[in-house]
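Next comes input.cif, with mmCIF, C-alpha atoms and all ligand atoms.
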data_model
loop_
_atom_site.group_PDB
_atom_site.id
_atom_site.type_symbol
_atom_site.label_atom_id
_atom_site.label_comp_id
_atom_site.auth_asym_id
_atom_site.auth_seq_id
_atom_site.Cartn_x
_atom_site.Cartn_y
_atom_site.Cartn_z
ATOM 1 C CA MET K 1 0.000 0.000 0.000
ATOM 2 C CA ILE K 2 1.357 3.411 -0.951
ATOM 3 C CA LYS K 3 0.684 5.774 1.947
ATOM 4 C CA SER K 4 -0.925 9.153 1.322
ATOM 5 C CA GLU K 5 1.674 10.818 3.565
ATOM 6 C CA THR K 6 4.424 9.469 1.295
ATOM 7 C CA ILE K 7 2.612 10.894 -1.732
ATOM 8 C CA GLU K 8 2.503 14.360 -0.158
ATOM 9 C CA MET K 9 6.128 14.191 0.988
ATOM 10 C CA ALA K 10 7.340 13.086 -2.458
ATOM 11 C CA ALA K 11 5.220 15.712 -4.211
ATOM 12 C CA ASN K 12 6.724 18.433 -2.006
ATOM 13 C CA GLU K 13 10.198 17.160 -2.792
ATOM 14 C CA ILE K 14 9.731 17.101 -6.574
ATOM 15 C CA MET K 15 8.153 20.573 -6.492
ATOM 16 C CA ALA K 16 11.403 21.864 -4.954
ATOM 17 C CA ARG K 17 13.661 19.814 -7.246
ATOM 18 C CA ALA K 18 11.800 20.998 -10.360
ATOM 19 C CA ALA K 19 11.917 24.668 -9.351
ATOM 20 C CA ILE K 20 15.606 24.633 -8.351
ATOM 21 C CA ASP K 21 17.589 21.914 -10.146
ATOM 22 C CA ILE K 22 17.620 22.062 -13.931
ATOM 23 C CA PRO K 23 17.765 18.507 -15.378
ATOM 24 C CA GLU K 24 21.190 17.314 -16.525
ATOM 25 C CA ASP K 25 20.015 16.460 -20.058
ATOM 26 C CA TYR K 26 18.874 20.044 -20.641
ATOM 27 C CA LYS K 27 22.078 21.457 -19.127
ATOM 28 C CA SER K 28 24.236 19.198 -21.315
ATOM 29 C CA GLY K 29 22.266 20.312 -24.365
ATOM 30 C CA ILE K 30 22.990 23.962 -23.529
ATOM 31 C CA LYS K 31 26.688 23.248 -22.888
ATOM 32 C CA GLY K 32 26.844 21.641 -26.322
ATOM 33 C CA MET K 33 25.318 24.756 -27.890
ATOM 34 C CA ILE K 34 27.847 27.218 -26.448
ATOM 35 C CA ASP K 35 30.687 26.109 -28.742
ATOM 36 C CA MET K 36 28.401 26.273 -31.770
ATOM 37 C CA GLU K 37 26.954 29.706 -30.948
ATOM 38 C CA LYS K 38 28.115 32.404 -33.370
ATOM 39 C CA GLY K 39 26.476 35.416 -31.683
ATOM 40 C CA ASP K 40 28.520 37.070 -28.892
ATOM 41 C CA LEU K 41 25.536 38.179 -26.826
ATOM 42 C CA SER K 42 23.756 34.893 -27.281
ATOM 43 C CA ALA K 43 26.889 32.974 -26.186
ATOM 44 C CA PHE K 44 27.187 35.294 -23.168
ATOM 45 C CA VAL K 45 23.569 34.543 -22.181
ATOM 46 C CA LEU K 46 24.174 30.778 -22.418
ATOM 47 C CA GLU K 47 27.206 31.063 -20.112
ATOM 48 C CA ALA K 48 25.185 33.255 -17.732
ATOM 49 C CA MET K 49 22.391 30.675 -17.655
ATOM 50 C CA LEU K 50 24.809 27.925 -16.639
ATOM 51 C CA GLU K 51 26.080 30.139 -13.799
ATOM 52 C CA ASN K 52 22.521 31.013 -12.799
ATOM 53 C CA TRP K 53 21.589 27.328 -12.541
ATOM 54 C CA GLU K 54 24.647 26.579 -10.411
ATOM 55 C CA VAL K 55 23.852 29.440 -8.037
ATOM 56 C CA ALA K 56 20.218 28.346 -7.774
ATOM 57 C CA THR K 57 21.262 24.798 -6.869
ATOM 58 C CA GLU K 58 23.824 26.004 -4.292
ATOM 59 C CA ASP K 59 21.402 28.472 -2.677
ATOM 60 C CA ARG K 60 18.403 26.131 -2.990
ATOM 61 C CA ARG K 61 16.383 28.900 -4.625
ATOM 62 C CA PRO K 62 14.216 28.766 -7.773
ATOM 63 C CA MET K 63 16.238 29.367 -10.939
ATOM 64 C CA CYS K 64 13.581 31.687 -12.405
ATOM 65 C CA GLY K 65 11.353 34.189 -10.576
ATOM 66 C CA ASP K 66 8.432 33.162 -12.782
ATOM 67 C CA THR K 67 7.072 29.876 -11.421
ATOM 68 C CA GLY K 68 5.233 29.075 -14.644
ATOM 69 C CA VAL K 69 2.234 26.850 -14.012
ATOM 70 C CA PRO K 70 2.947 23.756 -11.897
ATOM 71 C CA ARG K 71 1.140 20.623 -13.030
ATOM 72 C CA TYR K 72 1.362 16.848 -12.453
ATOM 73 C CA TYR K 73 1.548 13.702 -14.544
ATOM 74 C CA ILE K 74 0.703 10.376 -12.919
ATOM 75 C CA LYS K 75 1.662 6.989 -14.287
ATOM 76 C CA THR K 76 0.549 3.851 -12.509
ATOM 77 C CA GLY K 77 -0.876 0.375 -13.045
ATOM 78 C CA ASN K 78 -3.629 -1.993 -11.981
ATOM 79 C CA GLU K 79 -1.570 -3.514 -9.173
ATOM 80 C CA ALA K 80 -0.867 -0.212 -7.371
ATOM 81 C CA GLN K 81 -2.729 0.247 -4.109
ATOM 82 C CA ILE K 82 -3.032 3.830 -2.964
ATOM 83 C CA GLU K 83 -4.197 4.707 0.528
ATOM 84 C CA GLY K 84 -7.470 6.604 0.053
ATOM 85 C CA GLY K 85 -7.417 5.945 -3.696
ATOM 86 C CA PHE K 86 -7.132 8.565 -6.423
ATOM 87 C CA ILE K 87 -9.320 11.099 -4.602
ATOM 88 C CA GLU K 88 -6.797 11.165 -1.751
ATOM 89 C CA LEU K 89 -3.918 11.253 -4.253
ATOM 90 C CA GLU K 90 -5.340 14.412 -5.838
ATOM 91 C CA HIS K 91 -5.977 15.943 -2.421
ATOM 92 C CA ARG K 92 -2.339 15.330 -1.437
ATOM 93 C CA LEU K 93 -1.040 16.831 -4.692
ATOM 94 C CA ARG K 94 -3.086 19.989 -4.113
ATOM 95 C CA ARG K 95 -1.824 20.217 -0.532
ATOM 96 C CA ALA K 96 1.768 19.770 -1.675
ATOM 97 C CA THR K 97 1.334 22.509 -4.298
ATOM 98 C CA ALA K 98 0.063 24.977 -1.700
ATOM 99 C CA GLN K 99 2.750 23.974 0.795
ATOM 100 C CA ALA K 100 5.581 24.179 -1.724
ATOM 101 C CA THR K 101 4.380 27.589 -2.931
ATOM 102 C CA HIS K 102 4.720 28.830 0.631
ATOM 103 C CA ASP K 103 7.906 26.973 1.626
ATOM 104 C CA ILE K 104 10.229 27.168 -1.407
ATOM 105 C CA PRO K 105 8.761 29.862 -2.060
ATOM 106 C CA LEU K 106 7.179 29.932 -5.513
ATOM 107 C CA ARG K 107 5.435 32.907 -7.062
ATOM 108 C CA PRO K 108 1.676 32.312 -6.730
ATOM 109 C CA ASN K 109 0.953 32.613 -10.450
ATOM 110 C CA ARG K 110 -2.479 31.059 -10.674
ATOM 111 C CA VAL K 111 -5.428 33.460 -10.807
ATOM 112 C CA HIS K 112 -9.079 33.311 -11.851
ATOM 113 C CA PRO K 113 -9.103 34.392 -15.518
ATOM 114 C CA LEU K 114 -11.896 36.959 -15.075
ATOM 115 C CA THR K 115 -11.918 38.095 -11.463
ATOM 116 C CA ARG K 116 -8.096 37.743 -11.121
ATOM 117 C CA GLN K 117 -8.702 36.192 -7.679
ATOM 118 C CA ASP K 118 -5.385 34.740 -6.452
ATOM 119 C CA ASN K 119 -5.542 32.080 -3.733
ATOM 120 C CA ASN K 120 -1.807 32.674 -3.217
ATOM 121 C CA ASN K 121 -0.984 28.990 -3.406
ATOM 122 C CA ASN K 122 -1.055 28.016 -7.119
ATOM 123 C CA VAL K 123 -4.232 26.038 -6.428
ATOM 124 C CA GLY K 124 -7.705 26.829 -7.786
ATOM 125 C CA MET K 125 -10.386 25.593 -10.136
ATOM 126 C CA ASN K 126 -8.743 23.033 -12.459
ATOM 127 C CA ALA K 127 -5.319 23.928 -11.095
ATOM 128 C CA PRO K 128 -2.908 22.263 -10.831
ATOM 129 C CA GLU K 129 -3.722 20.030 -13.795
ATOM 130 C CA ILE K 130 -3.319 16.298 -13.171
ATOM 131 C CA GLU K 131 -2.971 13.977 -16.175
ATOM 132 C CA TYR K 132 -2.854 10.180 -16.045
ATOM 133 C CA SER K 133 -1.359 7.360 -18.026
ATOM 134 C CA PHE K 134 -1.134 3.658 -17.292
ATOM 135 C CA GLU K 135 1.455 0.931 -17.505
ATOM 136 C CA PRO K 136 0.830 -2.831 -17.463
ATOM 137 C CA ASP K 137 2.111 -5.004 -14.594
ATOM 138 C CA THR K 138 2.831 -2.041 -12.377
ATOM 139 C CA ASP K 139 2.389 -1.586 -8.628
ATOM 140 C CA TRP K 140 4.257 1.710 -8.291
ATOM 141 C CA ILE K 141 3.159 5.295 -8.952
ATOM 142 C CA ASP K 142 5.275 7.769 -10.877
ATOM 143 C CA ILE K 143 4.498 11.370 -9.965
ATOM 144 C CA THR K 144 6.042 13.948 -12.261
ATOM 145 C CA THR K 145 5.712 17.659 -11.771
ATOM 146 C CA VAL K 146 6.363 20.139 -14.549
ATOM 147 C CA HIS K 147 6.495 23.884 -13.971
ATOM 148 C CA LYS K 148 5.727 24.952 -17.508
ATOM 149 C CA GLY K 149 6.926 28.446 -18.326
ATOM 150 C CA GLY K 150 6.811 30.200 -21.661
ATOM 151 C CA LEU K 151 3.045 30.384 -21.256
ATOM 152 C CA PHE K 152 2.470 31.883 -24.681
ATOM 153 C CA GLY K 153 4.954 29.719 -26.569
ATOM 154 C CA THR K 154 2.245 27.441 -27.920
ATOM 155 C CA ASP K 155 0.250 27.329 -31.132
ATOM 156 C CA TYR K 156 -1.920 25.031 -33.259
ATOM 157 C CA ARG K 157 -2.666 24.771 -36.970
ATOM 158 C CA MET K 158 -4.858 22.397 -38.961
ATOM 159 C CA LEU K 159 -2.625 21.316 -41.816
ATOM 160 C CA PHE K 160 -3.746 19.035 -44.597
ATOM 161 C CA PRO K 161 -2.027 15.912 -45.949
ATOM 162 C CA GLY K 162 -1.074 17.819 -49.106
ATOM 163 C CA ASP K 163 0.878 20.349 -47.017
ATOM 164 C CA GLY K 164 3.378 17.557 -46.391
ATOM 165 C CA ILE K 165 6.749 18.002 -44.701
ATOM 166 C CA ASP K 166 7.094 21.493 -46.225
ATOM 167 C CA GLY K 167 3.866 22.588 -44.518
ATOM 168 C CA ILE K 168 5.096 21.188 -41.205
ATOM 169 C CA LYS K 169 8.379 23.085 -41.553
ATOM 170 C CA ARG K 170 6.616 26.297 -42.513
ATOM 171 C CA PHE K 171 4.324 26.245 -39.467
ATOM 172 C CA PHE K 172 7.260 25.332 -37.226
ATOM 173 C CA LEU K 173 9.242 28.352 -38.465
ATOM 174 C CA ASP K 174 6.205 30.662 -38.304
ATOM 175 C CA VAL K 175 5.754 29.752 -34.651
ATOM 176 C CA LEU K 176 9.408 30.108 -33.651
ATOM 177 C CA LEU K 177 9.701 33.496 -35.345
ATOM 178 C CA ALA K 178 6.408 34.824 -33.991
ATOM 179 C CA PHE K 179 7.236 33.676 -30.449
ATOM 180 C CA GLY K 180 10.816 34.879 -30.743
ATOM 181 C CA LYS K 181 9.967 38.353 -31.994
ATOM 182 C CA ARG K 182 7.359 38.905 -29.312
ATOM 183 C CA GLY K 183 9.569 37.560 -26.520
ATOM 184 C CA LEU K 184 7.055 34.946 -25.525
ATOM 185 C CA ALA K 185 9.256 32.016 -24.449
ATOM 186 C CA CYS K 186 12.881 32.374 -23.301
ATOM 187 C CA GLN K 187 15.114 30.435 -25.721
ATOM 188 C CA PRO K 188 16.765 27.976 -26.152
ATOM 189 C CA ALA K 189 13.693 25.820 -25.744
ATOM 190 C CA ILE K 190 12.822 22.176 -25.975
ATOM 191 C CA VAL K 191 10.257 22.322 -28.760
ATOM 192 C CA GLY K 192 7.537 19.714 -28.516
ATOM 193 C CA ILE K 193 5.352 18.942 -31.502
ATOM 194 C CA GLY K 194 2.050 17.121 -31.553
ATOM 195 C CA LEU K 195 1.290 15.659 -34.957
ATOM 196 C CA GLY K 196 -2.117 14.169 -35.621
ATOM 197 C CA GLY K 197 -4.870 13.106 -33.257
ATOM 198 C CA SER K 198 -7.911 15.306 -32.759
ATOM 199 C CA LYS K 199 -7.301 18.927 -31.778
ATOM 200 C CA ASP K 200 -7.179 18.290 -28.029
ATOM 201 C CA THR K 201 -5.006 15.174 -28.461
ATOM 202 C CA CYS K 202 -2.677 17.094 -30.751
ATOM 203 C CA MET K 203 -2.242 19.826 -28.117
ATOM 204 C CA MET K 204 -1.763 17.298 -25.323
ATOM 205 C CA LEU K 205 0.840 15.269 -27.257
ATOM 206 C CA GLY K 206 2.834 18.368 -28.183
ATOM 207 C CA LYS K 207 2.961 19.632 -24.626
ATOM 208 C CA GLN K 208 3.935 16.216 -23.307
ATOM 209 C CA ALA K 209 6.620 15.910 -26.003
ATOM 210 C CA ALA K 210 8.107 19.231 -24.855
ATOM 211 C CA CYS K 211 7.850 18.664 -21.115
ATOM 212 C CA LEU K 212 8.169 14.905 -20.593
ATOM 213 C CA ARG K 213 10.899 13.866 -23.013
ATOM 214 C CA THR K 214 14.570 14.591 -22.430
ATOM 215 C CA VAL K 215 16.978 16.503 -24.672
ATOM 216 C CA GLY K 216 18.644 13.947 -26.940
ATOM 217 C CA SER K 217 15.802 11.419 -26.832
ATOM 218 C CA ARG K 218 14.509 10.193 -30.208
ATOM 219 C CA HIS K 219 11.145 8.908 -31.325
ATOM 220 C CA PRO K 220 11.347 5.143 -32.034
ATOM 221 C CA GLN K 221 9.815 5.467 -35.509
ATOM 222 C CA ALA K 222 12.558 6.297 -38.034
ATOM 223 C CA GLU K 223 10.514 8.797 -40.100
ATOM 224 C CA VAL K 224 9.532 10.718 -36.990
ATOM 225 C CA ALA K 225 13.072 10.711 -35.568
ATOM 226 C CA LYS K 226 14.394 12.020 -38.896
ATOM 227 C CA LEU K 227 11.909 14.897 -38.815
ATOM 228 C CA GLU K 228 12.917 15.695 -35.219
ATOM 229 C CA ASP K 229 16.535 16.101 -36.381
ATOM 230 C CA GLU K 230 15.559 18.206 -39.385
ATOM 231 C CA LEU K 231 13.339 20.542 -37.397
ATOM 232 C CA LYS K 232 15.962 21.040 -34.702
ATOM 233 C CA GLU K 233 18.509 22.026 -37.330
ATOM 234 C CA LEU K 234 16.022 24.257 -39.148
ATOM 235 C CA GLY K 235 14.959 25.950 -35.916
ATOM 236 C CA ASN K 236 18.521 27.049 -35.279
ATOM 237 C CA THR K 237 18.778 28.903 -38.601
ATOM 238 C CA THR K 238 16.286 31.703 -37.886
ATOM 239 C CA GLY K 239 18.899 34.148 -36.549
ATOM 240 C CA LEU K 240 17.336 34.108 -33.090
ATOM 241 C CA GLY K 241 19.715 33.039 -30.347
ATOM 242 C CA ALA K 242 19.456 32.749 -26.579
ATOM 243 C CA MET K 243 16.816 35.087 -25.096
ATOM 244 C CA GLY K 244 16.147 36.430 -28.604
ATOM 245 C CA PHE K 245 19.612 37.895 -29.165
ATOM 246 C CA ASN K 246 21.229 37.471 -32.558
ATOM 247 C CA GLY K 247 22.530 33.918 -32.813
ATOM 248 C CA ASN K 248 21.746 30.324 -33.607
ATOM 249 C CA SER K 249 20.626 28.826 -30.266
ATOM 250 C CA THR K 250 16.840 28.635 -30.421
ATOM 251 C CA VAL K 251 16.104 24.916 -30.209
ATOM 252 C CA VAL K 252 18.009 22.695 -27.781
ATOM 253 C CA GLY K 253 15.885 19.683 -28.633
ATOM 254 C CA CYS K 254 12.898 18.862 -30.838
ATOM 255 C CA ASN K 255 10.552 16.071 -29.768
ATOM 256 C CA ILE K 256 7.612 14.912 -31.855
ATOM 257 C CA GLU K 257 4.751 12.703 -30.699
ATOM 258 C CA VAL K 258 2.256 11.244 -33.121
ATOM 259 C CA GLY K 259 -1.416 10.283 -32.882
ATOM 260 C CA TYR K 260 -3.442 8.651 -35.622
ATOM 261 C CA THR K 261 -5.708 11.314 -37.111
ATOM 262 C CA HIS K 262 -8.581 11.859 -39.556
ATOM 263 C CA THR K 263 -7.567 10.863 -43.064
ATOM 264 C CA GLY K 264 -8.414 14.354 -44.325
ATOM 265 C CA GLY K 265 -6.158 16.265 -41.937
ATOM 266 C CA MET K 266 -2.725 16.648 -40.393
ATOM 267 C CA PRO K 267 -3.185 18.752 -37.245
ATOM 268 C CA MET K 268 -0.019 20.095 -35.671
ATOM 269 C CA SER K 269 0.773 21.838 -32.400
ATOM 270 C CA VAL K 270 4.025 23.465 -31.284
ATOM 271 C CA HIS K 271 5.028 24.005 -27.641
ATOM 272 C CA CYS K 272 8.156 25.623 -26.233
ATOM 273 C CA PHE K 273 9.512 24.427 -22.890
ATOM 274 C CA CYS K 274 11.622 27.486 -22.092
ATOM 275 C CA LEU K 275 15.072 27.674 -20.531
ATOM 276 C CA SER K 276 13.373 26.968 -17.226
ATOM 277 C CA SER K 277 12.807 23.378 -18.283
ATOM 278 C CA ARG K 278 11.558 22.351 -14.875
ATOM 279 C CA ARG K 279 10.581 18.749 -14.358
ATOM 280 C CA ALA K 280 11.140 16.149 -11.645
ATOM 281 C CA THR K 281 9.775 12.662 -11.043
ATOM 282 C CA ALA K 282 9.319 10.438 -7.996
ATOM 283 C CA ARG K 283 8.589 6.706 -8.155
ATOM 284 C CA LEU K 284 6.706 5.508 -5.087
ATOM 285 C CA TYR K 285 6.804 1.813 -4.168
ATOM 286 C CA SER K 286 4.435 -0.118 -1.936
ATOM 287 C CA ASP K 287 7.230 -0.774 0.625
ATOM 288 C CA GLY K 288 7.397 2.984 1.306
ATOM 289 C CA SER K 289 10.607 3.657 -0.652
ATOM 290 C CA VAL K 290 10.861 6.533 -3.131
ATOM 291 C CA ASP K 291 13.297 7.022 -6.043
ATOM 292 C CA TYR K 292 13.819 10.430 -7.631
ATOM 293 C CA ARG K 293 14.901 11.169 -11.197
ATOM 294 C CA THR K 294 14.614 13.839 -13.907
ATOM 295 C CA ASP K 295 13.509 11.702 -16.863
ATOM 296 C CA PRO K 296 9.742 11.148 -16.549
ATOM 297 C CA GLU K 297 9.933 8.066 -18.837
ATOM 298 C CA TRP K 298 6.417 8.998 -19.900
ATOM 299 C CA PHE K 299 6.292 7.704 -23.478
ATOM 300 C CA THR K 300 6.629 3.959 -23.052
ATOM 301 C CA PRO K 301 6.123 1.300 -25.756
ATOM 302 C CA TYR K 302 2.711 0.685 -24.179
ATOM 303 C CA MET K 303 1.709 4.331 -24.644
ATOM 304 C CA ARG K 304 2.853 4.314 -28.262
ATOM 305 C CA ARG K 305 1.313 0.940 -29.106
ATOM 306 C CA ASN K 306 0.014 0.619 -32.636
ATOM 307 C CA THR K 307 -1.873 -2.637 -32.197
ATOM 308 C CA VAL K 308 -5.313 -3.613 -30.913
ATOM 309 C CA GLY K 309 -3.986 -5.738 -28.091
ATOM 310 C CA TRP K 310 -0.861 -5.611 -25.973
ATOM 311 C CA ASP K 311 1.377 -8.619 -25.630
ATOM 312 C CA GLY K 312 4.221 -6.951 -23.762
ATOM 313 C CA ASN K 313 6.345 -6.244 -26.835
ATOM 314 C CA ALA K 314 7.209 -2.910 -28.369
ATOM 315 C CA ALA K 315 4.607 -3.419 -31.068
ATOM 316 C CA LEU K 316 5.302 -0.270 -33.023
ATOM 317 C CA ALA K 317 5.029 -0.863 -36.748
ATOM 318 C CA GLY K 318 7.942 0.668 -38.597
ATOM 319 C CA ALA K 319 9.887 1.329 -35.396
ATOM 320 C CA ALA K 320 13.580 2.129 -35.582
ATOM 321 C CA GLU K 321 15.718 -0.462 -33.839
HETATM 322 S S1 LIG K 401 9.670 31.908 -20.233
HETATM 323 FE FE1 LIG K 401 10.644 30.475 -18.762
HETATM 324 S S2 LIG K 401 12.686 31.315 -18.302
HETATM 325 FE FE2 LIG K 401 11.444 32.936 -19.300
HETATM 326 S S3 LIG K 401 10.545 34.077 -17.554
HETATM 327 FE FE3 LIG K 401 9.033 32.522 -18.170
HETATM 328 S S4 LIG K 401 9.478 30.735 -16.830
HETATM 329 FE FE4 LIG K 401 11.277 32.106 -16.724
#
Show me this structure written as structure tokens.
Ligand code: SF4
Amino acid sequence: MIKSETIEMAANEIMARAAIDIPEDYKSGIKGMIDMEKGDLSAFVLEAMLENWEVATEDRRPMCGDTGVPRYYIKTGNEAQIEGGFIELEHRLRRATAQATHDIPLRPNRVHPLTRQDNNNNVGMNAPEIEYSFEPDTDWIDITTVHKGGLFGTDYRMLFPGDGIDGIKRFFLDVLLAFGKRGLACQPAIVGIGLGGSKDTCMMLGKQAACLRTVGSRHPQAEVAKLEDELKELGNTTGLGAMGFNGNSTVVGCNIEVGYTHTGGMPMSVHCFCLSSRRATARLYSDGSVDYRTDPEWFTPYMRRNTVGWDGNAALAGAAE
């Protein structure tokens, strides 16, 4: 049985880790960009960001004053037993959000969209968001928190099959330039792309691709992985560097997730996980132990299954080895 107290304790811990400690994969991606950066100011900003992250970790203070919008992703399985069930799980996550906002502290960003009422704890109607996915033969719970910044770095377009790869590239560039010019998401960003699905699925997949996959990860399907590489390269040719200065460091990683869609369409969403790429995961076991990590391991072969049933194999047609 996974105790509710352990859930709250672990949620508090990952809230702090996400806000303070930038994941190693993102940091390594930025380090790799410094040598390639041609713009002086952009290179200076990248160096400054590395220093900023070190100071934040040493001082145990958030690495950006803007908390973004904290949210949770839960992965679990049929065998997991949770004290108080999922209602208690959600209660504990809301408590941890309020507590962490006070203790770390985090800026209380969440307000009512019309009245601008602020509960001063990042909790309110439909906040924080909690999304679920499932994994076969599993008795643990993974709790991931993401503090998504770059609020406005997101867009959607209904493309058509005839638009092809050129249409995908055009929308990708339109978004990066529009966001970059208006200063809407601090670069370099992990750019997540949702391709296919219905509109809501497309948006969900793109956001998850940005926030729940690491820099350097590749989609298992060869055609998709190839497009990830091409878009990353293309995204770094716009002339926009770190924080919008002249340069070539806009995209530290490009992750694409795919959902089968209507035969007449090719919906696409683009999401920028800004240079506060804040994510942290805890795995809670029934014996009370907790492991922490920075890779959410969200997109499993089960989640990407392409078959009617599930026999425990990575049944992804056309998958790269
Ligand atoms: S976009 Fe990201 S790095 Fe920039 S202010 Fe917002 S949270 Fe901070």
- request: Can you give me, as a PyMOL selection string, the residues this file yields under the PyMOL selection byres (((not hetatm)) within 9 of (chain K and resi 401))?
  value: chain K and resi 63-69+147-153+183-187+189+243+272-278
Those selected residues, please, written with C-alpha atoms and delivered as a PDB file, in the coordinates of the input.
ATOM      1  CA  MET K  63      16.238  29.367 -10.939  1.00  0.00           C
ATOM      2  CA  CYS K  64      13.581  31.687 -12.405  1.00  0.00           C
ATOM      3  CA  GLY K  65      11.353  34.189 -10.576  1.00  0.00           C
ATOM      4  CA  ASP K  66       8.432  33.162 -12.782  1.00  0.00           C
ATOM      5  CA  THR K  67       7.072  29.876 -11.421  1.00  0.00           C
ATOM      6  CA  GLY K  68       5.233  29.075 -14.644  1.00  0.00           C
ATOM      7  CA  VAL K  69       2.234  26.850 -14.012  1.00  0.00           C
ATOM      8  CA  HIS K 147       6.495  23.884 -13.971  1.00  0.00           C
ATOM      9  CA  LYS K 148       5.727  24.952 -17.508  1.00  0.00           C
ATOM     10  CA  GLY K 149       6.926  28.446 -18.326  1.00  0.00           C
ATOM     11  CA  GLY K 150       6.811  30.200 -21.661  1.00  0.00           C
ATOM     12  CA  LEU K 151       3.045  30.384 -21.256  1.00  0.00           C
ATOM     13  CA  PHE K 152       2.470  31.883 -24.681  1.00  0.00           C
ATOM     14  CA  GLY K 153       4.954  29.719 -26.569  1.00  0.00           C
ATOM     15  CA  GLY K 183       9.569  37.560 -26.520  1.00  0.00           C
ATOM     16  CA  LEU K 184       7.055  34.946 -25.525  1.00  0.00           C
ATOM     17  CA  ALA K 185       9.256  32.016 -24.449  1.00  0.00           C
ATOM     18  CA  CYS K 186      12.881  32.374 -23.301  1.00  0.00           C
ATOM     19  CA  GLN K 187      15.114  30.435 -25.721  1.00  0.00           C
ATOM     20  CA  ALA K 189      13.693  25.820 -25.744  1.00  0.00           C
ATOM     21  CA  MET K 243      16.816  35.087 -25.096  1.00  0.00           C
ATOM     22  CA  CYS K 272       8.156  25.623 -26.233  1.00  0.00           C
ATOM     23  CA  PHE K 273       9.512  24.427 -22.890  1.00  0.00           C
ATOM     24  CA  CYS K 274      11.622  27.486 -22.092  1.00  0.00           C
ATOM     25  CA  LEU K 275      15.072  27.674 -20.531  1.00  0.00           C
ATOM     26  CA  SER K 276      13.373  26.968 -17.226  1.00  0.00           C
ATOM     27  CA  SER K 277      12.807  23.378 -18.283  1.00  0.00           C
ATOM     28  CA  ARG K 278      11.558  22.351 -14.875  1.00  0.00           C
TER      29      ARG K 278
END
message: Please compute the CA of Thr115 (chain K)-CA of Ala127 (chain K) distance, one decimal, in Å.
response: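 Computing the Euclidean distance for CA of Thr115 (chain K) and CA of Ala127 (chain K) yields 15.6 Å.
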All residues 8 Å or closer to region 257-259 of chain K, all atoms listed in the file, same chain fewer than 2 positions away omitted, as a PyMOL selection string: chain K and resi 192-197+201-202+205-206+209+219+255+261
Output check: residues returned by the PyMOL selection byres (((chain K and resi 160) around 9) and not hetatm), as a list of chain:residue names: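 Applied to this file, the PyMOL selection byres (((chain K and resi 160) around 9) and not hetatm) selects K:Met158, K:Leu159, K:Pro161, K:Gly162, K:Asp163, K:Gly164, K:Gly167, K:Gly264, K:Gly265, K:Met266, K:Pro267.
Residues matched by the PyMOL selection byres (((chain K and resi 281-291) around 8) and not hetatm) in this file: Met1, Ile2, Lys3, Thr6, Ile7, Ala10, Ala11, Ile14, Ala80, Gln81, Asp139, Trp140, Ile141, Asp142, Ile143, Thr144, Thr145, Arg279, Ala280, Tyr292, Arg293, Thr294, Asp295 and Pro296 of chain K.
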message: Excluding Asp166 (chain K) and its own-chain neighbours fewer than 6 positions away, which residues fall within 12 Å of it when counting all atoms listed in the file? Please give them as a list in words.
response: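 Within the cut-off, the hits are Leu159, Phe160, Phe172, Leu173, Leu227, Glu230, Leu231 and Leu234 of chain K.
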Distance query His91 (chain K) at most 12 Å, all atoms listed in the file, self and fewer than 3 positions along chain excluded, as a list in words: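 Near His91 (chain K), the qualifying residues are Ser4, Glu5, Ile7, Glu8, Ala11, Glu83, Gly84, Gly85, Phe86, Ile87, Glu88, Arg94, Arg95, Ala96, Thr97, Ala98, Val123, Ala127, Pro128 and Ile130 of chain K.
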field: All residues 12 Å or closer to Asn119 (chain K), only C-alpha atoms, same chain fewer than 3 positions away omitted, as a ChimeraX atom specification
entry: /K:97-98,101-102,107-112,115-116,122-125,127
- prompt: What is the distance, in Å and to one decimal place, between CA of Leu212 (chain K) and CA of Ile190 (chain K)?
  reply: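 Those two atoms sit 10.2 Å apart.
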- request: List the residues sitting within 12 Å of (20.1, 31.1, -25.5) in the file's frame, using all atoms listed in the file, as a PyMOL selection string.
  value: chain K and resi 27+29-34+36-50+180+185-190+236+239-252+274-276
- request: Quick one: pull the distance between CA of Asp311 (chain K) and CA of Asp137 (chain K), Å, one decimal.
  value: 11.6 Å
query: Looking at all atoms listed in the file, which of K:Ala19, K:Ala178, K:Cys211, K:Met268 is the one that sits closest to Thr57 (chain K)?
result: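 Result for the nearest residue to Thr57 (chain K): K:Ala19.
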- prompt: For Phe171 (chain K), which residue among K:Asp155, K:Glu223, K:Asp59, K:Asp200 is the nearest when counting only C-alpha atoms?
  reply: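 Looking at the shortest contact to Phe171 (chain K), the residue is K:Asp155.
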field: Selected residue of minimal separation from Tyr73 (chain K) among K:Tyr156, K:Trp298, K:Gln117, K:Asp229, counting only C-alpha atoms
entry: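 Looking at the shortest contact to Tyr73 (chain K), the residue is K:Trp298.
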query: Which residue out of K:Phe134, K:Tyr260, K:Trp53, K:Trp310 has the minimum interatomic distance to Ile20 (chain K) when all atoms listed in the file are used?
result: K:Trp53
